[in-house]
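Engineer: My file is start-v7.pdb. It has PDB, C-alpha atoms:
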```pdb
ATOM      1  CA  MET A   1       4.670 -10.154  19.130  1.00  0.00           C
ATOM      2  CA  ILE A   2       6.903  -9.074  16.245  1.00  0.00           C
ATOM      3  CA  GLU A   3       7.700  -5.342  16.376  1.00  0.00           C
ATOM      4  CA  TYR A   4       9.823  -5.182  13.235  1.00  0.00           C
ATOM      5  CA  VAL A   5      11.701  -7.352  10.758  1.00  0.00           C
ATOM      6  CA  LYS A   6      15.145  -6.222   9.651  1.00  0.00           C
ATOM      7  CA  GLY A   7      17.261  -7.992   7.079  1.00  0.00           C
ATOM      8  CA  GLU A   8      18.091  -8.522   3.433  1.00  0.00           C
ATOM      9  CA  ILE A   9      15.403  -8.134   0.813  1.00  0.00           C
ATOM     10  CA  ALA A  10      15.315 -11.597  -0.783  1.00  0.00           C
ATOM     11  CA  GLU A  11      12.364 -10.873  -3.081  1.00  0.00           C
ATOM     12  CA  LEU A  12      10.305  -7.762  -3.682  1.00  0.00           C
ATOM     13  CA  SER A  13       7.084  -7.104  -5.577  1.00  0.00           C
ATOM     14  CA  PRO A  14       4.722  -4.129  -5.239  1.00  0.00           C
ATOM     15  CA  ALA A  15       2.467  -6.242  -2.975  1.00  0.00           C
ATOM     16  CA  THR A  16       4.902  -8.404  -0.975  1.00  0.00           C
ATOM     17  CA  ALA A  17       8.442  -8.408   0.364  1.00  0.00           C
ATOM     18  CA  ILE A  18      10.391 -11.449   1.504  1.00  0.00           C
ATOM     19  CA  ILE A  19      12.895 -10.399   4.159  1.00  0.00           C
ATOM     20  CA  ASP A  20      15.750 -12.755   4.995  1.00  0.00           C
ATOM     21  CA  CYS A  21      16.599 -12.503   8.701  1.00  0.00           C
ATOM     22  CA  ASN A  22      19.596 -14.744   9.395  1.00  0.00           C
ATOM     23  CA  GLY A  23      18.380 -17.456   7.038  1.00  0.00           C
ATOM     24  CA  LEU A  24      14.701 -17.208   7.976  1.00  0.00           C
ATOM     25  CA  GLY A  25      12.515 -15.685   5.245  1.00  0.00           C
ATOM     26  CA  TYR A  26       9.505 -13.624   6.318  1.00  0.00           C
ATOM     27  CA  ALA A  27       6.795 -13.043   3.683  1.00  0.00           C
ATOM     28  CA  VAL A  28       5.398  -9.602   4.444  1.00  0.00           C
ATOM     29  CA  ASN A  29       2.414  -7.908   2.779  1.00  0.00           C
ATOM     30  CA  ILE A  30       3.287  -4.314   1.935  1.00  0.00           C
ATOM     31  CA  SER A  31       1.598  -1.234   0.492  1.00  0.00           C
ATOM     32  CA  LEU A  32       2.832   0.663  -2.559  1.00  0.00           C
ATOM     33  CA  ASN A  33       4.132   3.429  -0.293  1.00  0.00           C
ATOM     34  CA  THR A  34       6.387   0.940   1.500  1.00  0.00           C
ATOM     35  CA  TYR A  35       7.380  -0.601  -1.840  1.00  0.00           C
ATOM     36  CA  SER A  36       8.488   2.851  -3.045  1.00  0.00           C
ATOM     37  CA  ALA A  37      10.455   3.419   0.149  1.00  0.00           C
ATOM     38  CA  ILE A  38      12.420   0.147   0.056  1.00  0.00           C
ATOM     39  CA  GLN A  39      12.721  -0.387  -3.706  1.00  0.00           C
ATOM     40  CA  GLY A  40      16.339  -0.542  -4.882  1.00  0.00           C
ATOM     41  CA  LYS A  41      17.718  -1.252  -1.386  1.00  0.00           C
ATOM     42  CA  ASN A  42      19.502  -4.438  -0.323  1.00  0.00           C
ATOM     43  CA  THR A  43      18.347  -4.367   3.285  1.00  0.00           C
ATOM     44  CA  CYS A  44      15.383  -2.829   5.051  1.00  0.00           C
ATOM     45  CA  LYS A  45      13.538  -2.596   8.341  1.00  0.00           C
ATOM     46  CA  LEU A  46       9.767  -3.062   8.241  1.00  0.00           C
ATOM     47  CA  TYR A  47       7.475  -2.326  11.176  1.00  0.00           C
ATOM     48  CA  ILE A  48       5.129  -5.283  11.486  1.00  0.00           C
ATOM     49  CA  HIS A  49       1.477  -5.858  12.255  1.00  0.00           C
ATOM     50  CA  GLU A  50       0.574  -9.513  12.822  1.00  0.00           C
ATOM     51  CA  ALA A  51      -2.897 -10.607  11.753  1.00  0.00           C
ATOM     52  CA  ILE A  52      -3.565 -13.953  13.415  1.00  0.00           C
ATOM     53  CA  ARG A  53      -6.767 -15.656  12.360  1.00  0.00           C
ATOM     54  CA  GLU A  54      -8.032 -19.223  12.575  1.00  0.00           C
ATOM     55  CA  ASP A  55      -7.081 -19.956   8.976  1.00  0.00           C
ATOM     56  CA  ALA A  56      -4.076 -17.681   8.438  1.00  0.00           C
ATOM     57  CA  TYR A  57      -1.096 -15.963  10.017  1.00  0.00           C
ATOM     58  CA  VAL A  58      -0.372 -12.837   7.981  1.00  0.00           C
ATOM     59  CA  LEU A  59       2.332 -10.213   8.403  1.00  0.00           C
ATOM     60  CA  TYR A  60       1.810  -6.648   7.187  1.00  0.00           C
ATOM     61  CA  GLY A  61       4.952  -4.515   6.941  1.00  0.00           C
ATOM     62  CA  PHE A  62       5.460  -0.755   6.818  1.00  0.00           C
ATOM     63  CA  ALA A  63       8.500   1.389   6.093  1.00  0.00           C
ATOM     64  CA  ASP A  64       7.628   3.762   8.929  1.00  0.00           C
ATOM     65  CA  LYS A  65       5.623   3.748  12.144  1.00  0.00           C
ATOM     66  CA  GLN A  66       3.176   6.390  10.945  1.00  0.00           C
ATOM     67  CA  GLU A  67       1.955   4.207   8.083  1.00  0.00           C
ATOM     68  CA  ARG A  68       1.540   1.298  10.515  1.00  0.00           C
ATOM     69  CA  GLU A  69      -0.464   3.511  12.893  1.00  0.00           C
ATOM     70  CA  LEU A  70      -2.754   4.533  10.024  1.00  0.00           C
ATOM     71  CA  PHE A  71      -3.148   0.861   9.054  1.00  0.00           C
ATOM     72  CA  LEU A  72      -4.123  -0.034  12.648  1.00  0.00           C
ATOM     73  CA  LEU A  73      -6.637   2.832  12.705  1.00  0.00           C
ATOM     74  CA  LEU A  74      -8.109   1.682   9.380  1.00  0.00           C
ATOM     75  CA  ILE A  75      -8.565  -1.939  10.475  1.00  0.00           C
ATOM     76  CA  SER A  76     -10.278  -0.707  13.661  1.00  0.00           C
ATOM     77  CA  VAL A  77     -13.115   0.569  11.435  1.00  0.00           C
ATOM     78  CA  SER A  78     -15.955  -1.935  11.092  1.00  0.00           C
ATOM     79  CA  GLY A  79     -15.938  -3.564   7.638  1.00  0.00           C
ATOM     80  CA  ILE A  80     -12.270  -2.858   6.844  1.00  0.00           C
ATOM     81  CA  GLY A  81      -9.855  -5.769   6.900  1.00  0.00           C
ATOM     82  CA  GLY A  82      -6.122  -5.934   6.357  1.00  0.00           C
ATOM     83  CA  ASN A  83      -6.253  -6.138   2.569  1.00  0.00           C
ATOM     84  CA  THR A  84      -8.695  -3.244   2.234  1.00  0.00           C
ATOM     85  CA  ALA A  85      -6.544  -1.134   4.562  1.00  0.00           C
ATOM     86  CA  ARG A  86      -3.492  -2.028   2.477  1.00  0.00           C
ATOM     87  CA  MET A  87      -5.407  -1.068  -0.682  1.00  0.00           C
ATOM     88  CA  ILE A  88      -6.228   2.350   0.828  1.00  0.00           C
ATOM     89  CA  LEU A  89      -2.576   2.865   1.823  1.00  0.00           C
ATOM     90  CA  SER A  90      -1.516   1.855  -1.700  1.00  0.00           C
ATOM     91  CA  ALA A  91      -3.871   4.313  -3.382  1.00  0.00           C
ATOM     92  CA  LEU A  92      -3.142   7.196  -0.992  1.00  0.00           C
ATOM     93  CA  SER A  93       0.089   8.181   0.740  1.00  0.00           C
ATOM     94  CA  PRO A  94      -0.103   8.545   4.558  1.00  0.00           C
ATOM     95  CA  SER A  95      -0.179  12.353   4.213  1.00  0.00           C
ATOM     96  CA  GLU A  96      -2.959  12.178   1.585  1.00  0.00           C
ATOM     97  CA  LEU A  97      -4.974   9.825   3.798  1.00  0.00           C
ATOM     98  CA  VAL A  98      -4.606  12.086   6.843  1.00  0.00           C
ATOM     99  CA  ASN A  99      -5.672  14.999   4.630  1.00  0.00           C
ATOM    100  CA  VAL A 100      -8.664  13.102   3.192  1.00  0.00           C
ATOM    101  CA  ILE A 101      -9.911  12.177   6.681  1.00  0.00           C
ATOM    102  CA  SER A 102      -9.302  15.580   8.268  1.00  0.00           C
ATOM    103  CA  THR A 103     -11.022  17.402   5.360  1.00  0.00           C
ATOM    104  CA  GLU A 104     -13.816  14.762   5.287  1.00  0.00           C
ATOM    105  CA  ASN A 105     -13.285  14.096   1.575  1.00  0.00           C
ATOM    106  CA  ALA A 106     -15.425  10.938   1.233  1.00  0.00           C
ATOM    107  CA  ASN A 107     -15.465  11.222  -2.572  1.00  0.00           C
ATOM    108  CA  LEU A 108     -11.681  10.836  -2.844  1.00  0.00           C
ATOM    109  CA  LEU A 109     -11.700   7.906  -0.419  1.00  0.00           C
ATOM    110  CA  LYS A 110     -14.484   6.330  -2.498  1.00  0.00           C
ATOM    111  CA  THR A 111     -12.135   6.144  -5.527  1.00  0.00           C
ATOM    112  CA  VAL A 112     -10.229   3.304  -3.791  1.00  0.00           C
ATOM    113  CA  LYS A 113     -11.345  -0.139  -5.012  1.00  0.00           C
ATOM    114  CA  GLY A 114     -13.679  -1.864  -2.573  1.00  0.00           C
ATOM    115  CA  ILE A 115     -14.621   1.349  -0.749  1.00  0.00           C
ATOM    116  CA  GLY A 116     -18.196   2.501  -1.202  1.00  0.00           C
ATOM    117  CA  LEU A 117     -19.654   5.785  -0.007  1.00  0.00           C
ATOM    118  CA  LYS A 118     -20.948   4.298   3.280  1.00  0.00           C
ATOM    119  CA  THR A 119     -17.573   2.748   4.116  1.00  0.00           C
ATOM    120  CA  ALA A 120     -15.750   5.965   3.193  1.00  0.00           C
ATOM    121  CA  GLN A 121     -18.065   7.949   5.473  1.00  0.00           C
ATOM    122  CA  ARG A 122     -17.613   5.406   8.271  1.00  0.00           C
ATOM    123  CA  VAL A 123     -13.806   5.690   7.984  1.00  0.00           C
ATOM    124  CA  ILE A 124     -14.042   9.481   8.227  1.00  0.00           C
ATOM    125  CA  VAL A 125     -16.504   9.499  11.153  1.00  0.00           C
ATOM    126  CA  ASP A 126     -14.559   6.836  13.107  1.00  0.00           C
ATOM    127  CA  LEU A 127     -11.069   8.239  12.517  1.00  0.00           C
ATOM    128  CA  LYS A 128     -11.517  12.009  12.279  1.00  0.00           C
ATOM    129  CA  ASP A 129     -10.817  12.561  15.984  1.00  0.00           C
ATOM    130  CA  LYS A 130      -8.052   9.942  16.138  1.00  0.00           C
ATOM    131  CA  ILE A 131      -5.978  11.345  13.260  1.00  0.00           C
ATOM    132  CA  LYS A 132      -3.321  13.777  14.366  1.00  0.00           C
ATOM    133  CA  THR A 133      -3.394  16.379  11.600  1.00  0.00           C
ATOM    134  CA  ALA A 134      -0.183  17.878  12.933  1.00  0.00           C
ATOM    135  CA  ALA A 135       1.812  14.707  12.241  1.00  0.00           C
ATOM    136  CA  PRO A 136       4.449  15.604   9.646  1.00  0.00           C
ATOM    137  CA  VAL A 137       4.868  13.203   6.747  1.00  0.00           C
ATOM    138  CA  ALA A 138       8.020  12.932   4.691  1.00  0.00           C
ATOM    139  CA  GLY A 139       7.496  13.019   0.917  1.00  0.00           C
ATOM    140  CA  GLY A 140       7.279   9.644  -0.771  1.00  0.00           C
ATOM    141  CA  GLY A 141      10.693   8.549  -2.032  1.00  0.00           C
ATOM    142  CA  GLN A 142       9.818   8.237  -5.674  1.00  0.00           C
ATOM    143  CA  SER A 143      12.375   6.336  -7.681  1.00  0.00           C
ATOM    144  CA  THR A 144      14.024   8.589 -10.228  1.00  0.00           C
ATOM    145  CA  LEU A 145      15.533   5.707 -12.149  1.00  0.00           C
ATOM    146  CA  LEU A 146      13.242   5.545 -15.151  1.00  0.00           C
ATOM    147  CA  SER A 147      15.571   3.533 -17.358  1.00  0.00           C
ATOM    148  CA  ALA A 148      13.457   0.366 -17.106  1.00  0.00           C
ATOM    149  CA  MET A 149      11.646  -0.691 -20.250  1.00  0.00           C
ATOM    150  CA  ASN A 150       7.889  -0.077 -20.453  1.00  0.00           C
ATOM    151  CA  THR A 151       7.234  -3.781 -20.896  1.00  0.00           C
ATOM    152  CA  GLU A 152       8.957  -4.566 -17.598  1.00  0.00           C
ATOM    153  CA  ILE A 153       6.921  -1.875 -15.826  1.00  0.00           C
ATOM    154  CA  GLN A 154       3.757  -3.133 -17.499  1.00  0.00           C
ATOM    155  CA  GLU A 155       4.390  -6.743 -16.435  1.00  0.00           C
ATOM    156  CA  GLU A 156       5.232  -5.761 -12.854  1.00  0.00           C
ATOM    157  CA  ALA A 157       2.160  -3.513 -12.566  1.00  0.00           C
ATOM    158  CA  VAL A 158      -0.200  -6.181 -13.933  1.00  0.00           C
ATOM    159  CA  ALA A 159       1.368  -8.826 -11.651  1.00  0.00           C
ATOM    160  CA  ALA A 160       0.877  -6.569  -8.622  1.00  0.00           C
ATOM    161  CA  LEU A 161      -2.738  -5.812  -9.549  1.00  0.00           C
ATOM    162  CA  THR A 162      -3.542  -9.513  -9.984  1.00  0.00           C
ATOM    163  CA  MET A 163      -1.916 -10.190  -6.561  1.00  0.00           C
ATOM    164  CA  LEU A 164      -4.230  -7.540  -5.110  1.00  0.00           C
ATOM    165  CA  GLY A 165      -7.204  -9.479  -6.487  1.00  0.00           C
ATOM    166  CA  PHE A 166      -7.961  -7.806  -9.831  1.00  0.00           C
ATOM    167  CA  ALA A 167      -8.568  -9.867 -12.986  1.00  0.00           C
ATOM    168  CA  ALA A 168      -5.594  -9.931 -15.374  1.00  0.00           C
ATOM    169  CA  ALA A 169      -7.377  -8.774 -18.559  1.00  0.00           C
ATOM    170  CA  PRO A 170      -8.852  -5.490 -17.247  1.00  0.00           C
ATOM    171  CA  SER A 171      -5.624  -4.798 -15.329  1.00  0.00           C
ATOM    172  CA  GLN A 172      -3.614  -5.208 -18.538  1.00  0.00           C
ATOM    173  CA  LYS A 173      -5.971  -2.857 -20.395  1.00  0.00           C
ATOM    174  CA  VAL A 174      -5.796  -0.129 -17.732  1.00  0.00           C
ATOM    175  CA  VAL A 175      -1.995  -0.409 -17.345  1.00  0.00           C
ATOM    176  CA  LEU A 176      -1.490  -0.110 -21.118  1.00  0.00           C
ATOM    177  CA  ALA A 177      -3.763   2.946 -21.230  1.00  0.00           C
ATOM    178  CA  ILE A 178      -1.807   4.585 -18.389  1.00  0.00           C
ATOM    179  CA  LEU A 179       1.545   3.847 -20.040  1.00  0.00           C
ATOM    180  CA  LYS A 180       0.296   5.423 -23.281  1.00  0.00           C
ATOM    181  CA  GLU A 181      -0.561   8.622 -21.399  1.00  0.00           C
ATOM    182  CA  GLU A 182       2.539   8.591 -19.175  1.00  0.00           C
ATOM    183  CA  PRO A 183       5.262   6.539 -20.858  1.00  0.00           C
ATOM    184  CA  ASP A 184       7.895   7.320 -18.210  1.00  0.00           C
ATOM    185  CA  ALA A 185       5.753   6.626 -15.133  1.00  0.00           C
ATOM    186  CA  ALA A 186       7.310   4.469 -12.404  1.00  0.00           C
ATOM    187  CA  VAL A 187       5.712   1.110 -11.511  1.00  0.00           C
ATOM    188  CA  GLU A 188       4.180   2.338  -8.253  1.00  0.00           C
ATOM    189  CA  GLN A 189       2.746   5.384 -10.061  1.00  0.00           C
ATOM    190  CA  VAL A 190       1.191   3.155 -12.737  1.00  0.00           C
ATOM    191  CA  ILE A 191      -0.332   0.897 -10.050  1.00  0.00           C
ATOM    192  CA  LYS A 192      -1.672   3.864  -8.077  1.00  0.00           C
ATOM    193  CA  LEU A 193      -3.356   5.232 -11.190  1.00  0.00           C
ATOM    194  CA  ALA A 194      -4.683   1.783 -12.077  1.00  0.00           C
ATOM    195  CA  LEU A 195      -6.165   1.339  -8.567  1.00  0.00           C
ATOM    196  CA  LYS A 196      -8.192   4.506  -9.086  1.00  0.00           C
ATOM    197  CA  ARG A 197      -9.525   3.332 -12.459  1.00  0.00           C
ATOM    198  CA  LEU A 198     -10.276  -0.336 -11.836  1.00  0.00           C
TER     199      LEU A 198
END
```
Do you think you could lay out the structure here as structure tokens?

Structural biologist:
Amino acid sequence: MIEYVKGEIAELSPATAIIDCNGLGYAVNISLNTYSAIQGKNTCKLYIHEAIREDAYVLYGFADKQERELFLLLISVSGIGGNTARMILSALSPSELVNVISTENANLLKTVKGIGLKTAQRVIVDLKDKIKTAAPVAGGGQSTLLSAMNTEIQEEAVAALTMLGFAAAPSQKVVLAILKEEPDAAVEQVIKLALKRL
């Protein structure tokens, strides 16, 4: 069982990170929150959840243990797999998710792609008692370097959305609309907004 992977960041996109550990590259699926936390760093430590199925061996990585715990709680809910859980953790920060579940805000949870009202209600019912509302969450480390060109941000956002399973054309349209409204938004912010609209 892999507890964590620590090493150099060989490649990084908003959906995946390739971590080089002494010459061995681990492809790790990450959420936008983790992407924000490790972006701009040369090395990182990701807490791992291994999803071993008949047809695949998938690693999910998290910048902190709390996000991993939330991921494990989410995938314990019937009907929620690894990618859906990652989508929820990309659209909402760990603190927002804890808040949504503890306040039983099914409508906000429903704004995440692939989550209908029934699934949102099931998540809340199943996890309400398991979520520790007292758990403190550090603020998301938003990148303040906004010098990147809009086109670069646009391309990265669209690439991430297509990796998450959205069609390229609608993703492009939504990303362009968001960049018109908020020209200096960071990539992860653009993707978060896009996830709520797609």

Engineer: Take the PyMOL selection byres ((chain A and resi 56-70) around 7), run it mentally on this structure, and tell me the resulting residues as a tab-separated table (two decimals) with C-alpha atoms, in the frame of the given file.

Structural biologist:
```
chain	number	residue	atom	x	y	z
A	28	VAL	CA	5.40	-9.60	4.44
A	29	ASN	CA	2.41	-7.91	2.78
A	30	ILE	CA	3.29	-4.31	1.94
A	34	THR	CA	6.39	0.94	1.50
A	37	ALA	CA	10.46	3.42	0.15
A	45	LYS	CA	13.54	-2.60	8.34
A	46	LEU	CA	9.77	-3.06	8.24
A	47	TYR	CA	7.48	-2.33	11.18
A	48	ILE	CA	5.13	-5.28	11.49
A	49	HIS	CA	1.48	-5.86	12.26
A	50	GLU	CA	0.57	-9.51	12.82
A	51	ALA	CA	-2.90	-10.61	11.75
A	52	ILE	CA	-3.56	-13.95	13.42
A	53	ARG	CA	-6.77	-15.66	12.36
A	54	GLU	CA	-8.03	-19.22	12.58
A	55	ASP	CA	-7.08	-19.96	8.98
A	71	PHE	CA	-3.15	0.86	9.05
A	72	LEU	CA	-4.12	-0.03	12.65
A	73	LEU	CA	-6.64	2.83	12.70
A	74	LEU	CA	-8.11	1.68	9.38
A	94	PRO	CA	-0.10	8.54	4.56
```

Engineer: What does the structure give for the distance between atom CA of A:Lys130 and atom CA of A:Asn33, in Å to one decimal?

Structural biologist: 21.5 Å

Engineer: For the provided coordinates, the residues matched by the PyMOL selection byres ((chain A and resi 163) around 12) should be stated as a VMD selection string.

Structural biologist: chain A and resid 13 to 16 29 to 31 83 87 156 to 162 164 to 168 171 191

Engineer: Would you work out the distance separating atom CA of A:Val175 from atom CA of A:Arg197, expressed in Å to one decimal?

Structural biologist: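 Spanning atom CA of A:Val175 to atom CA of A:Arg197 is a straight-line distance of 9.7 Å.
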
Engineer: If you count only C-alpha atoms, which residues fall within 12 Å of A:Ile80, apart from same-chain ones fewer than 4 positions away, as a list in words?

Structural biologist: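 Skipping anything fewer than 4 positions along the chain leaves Phe71, Leu72, Leu73, Leu74, Ile75, Ser76, Thr84, Ala85, Arg86, Met87, Ile88, Gly114, Ile115, Gly116, Lys118, Thr119, Ala120, Arg122, Val123 and Asp126 of chain A.
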
Engineer: Suppose you want the space between atom CA of A:Ala91 and atom CA of A:Lys192; what is it in Å?

Structural biologist: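 Interatomic distance here is 5.2 Å.
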
Engineer: From the set A:Val77, A:Ala27, A:Leu32, A:Leu117, which residue has the shortest atom-to-atom contact distance to A:Val187, counting only C-alpha atoms?

Structural biologist: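 Residue with the minimum atom-to-atom distance to A:Val187: A:Leu32.
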
Engineer: Around (-9.2, 13.2, 13.0) in the file's frame, which residues reach within 12 Å when counting only C-alpha atoms? Return as an MDAnalysis selection string?

Structural biologist: chainID A and resid 70 73 97:104 123:135

Engineer: What does the PyMOL selection byres ((chain A and resi 42) around 7) select in this file, as JSON, numbers by chain?

Structural biologist: {"A": [8, 9, 40, 41, 43, 44]}

Engineer: Have a look at A:Lys173, A:Lys180, A:Lys113, A:Lys6 and name the one nearest to A:Asp20; count only C-alpha atoms.

Structural biologist: A:Lys6

Engineer: So, with only C-alpha atoms as the atoms that count, which of A:Glu155, A:Ile2, A:Leu108, A:Glu181 lies closest to A:Glu96?

Structural biologist: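 The shortest atom-to-atom distance to A:Glu96 comes from A:Leu108.
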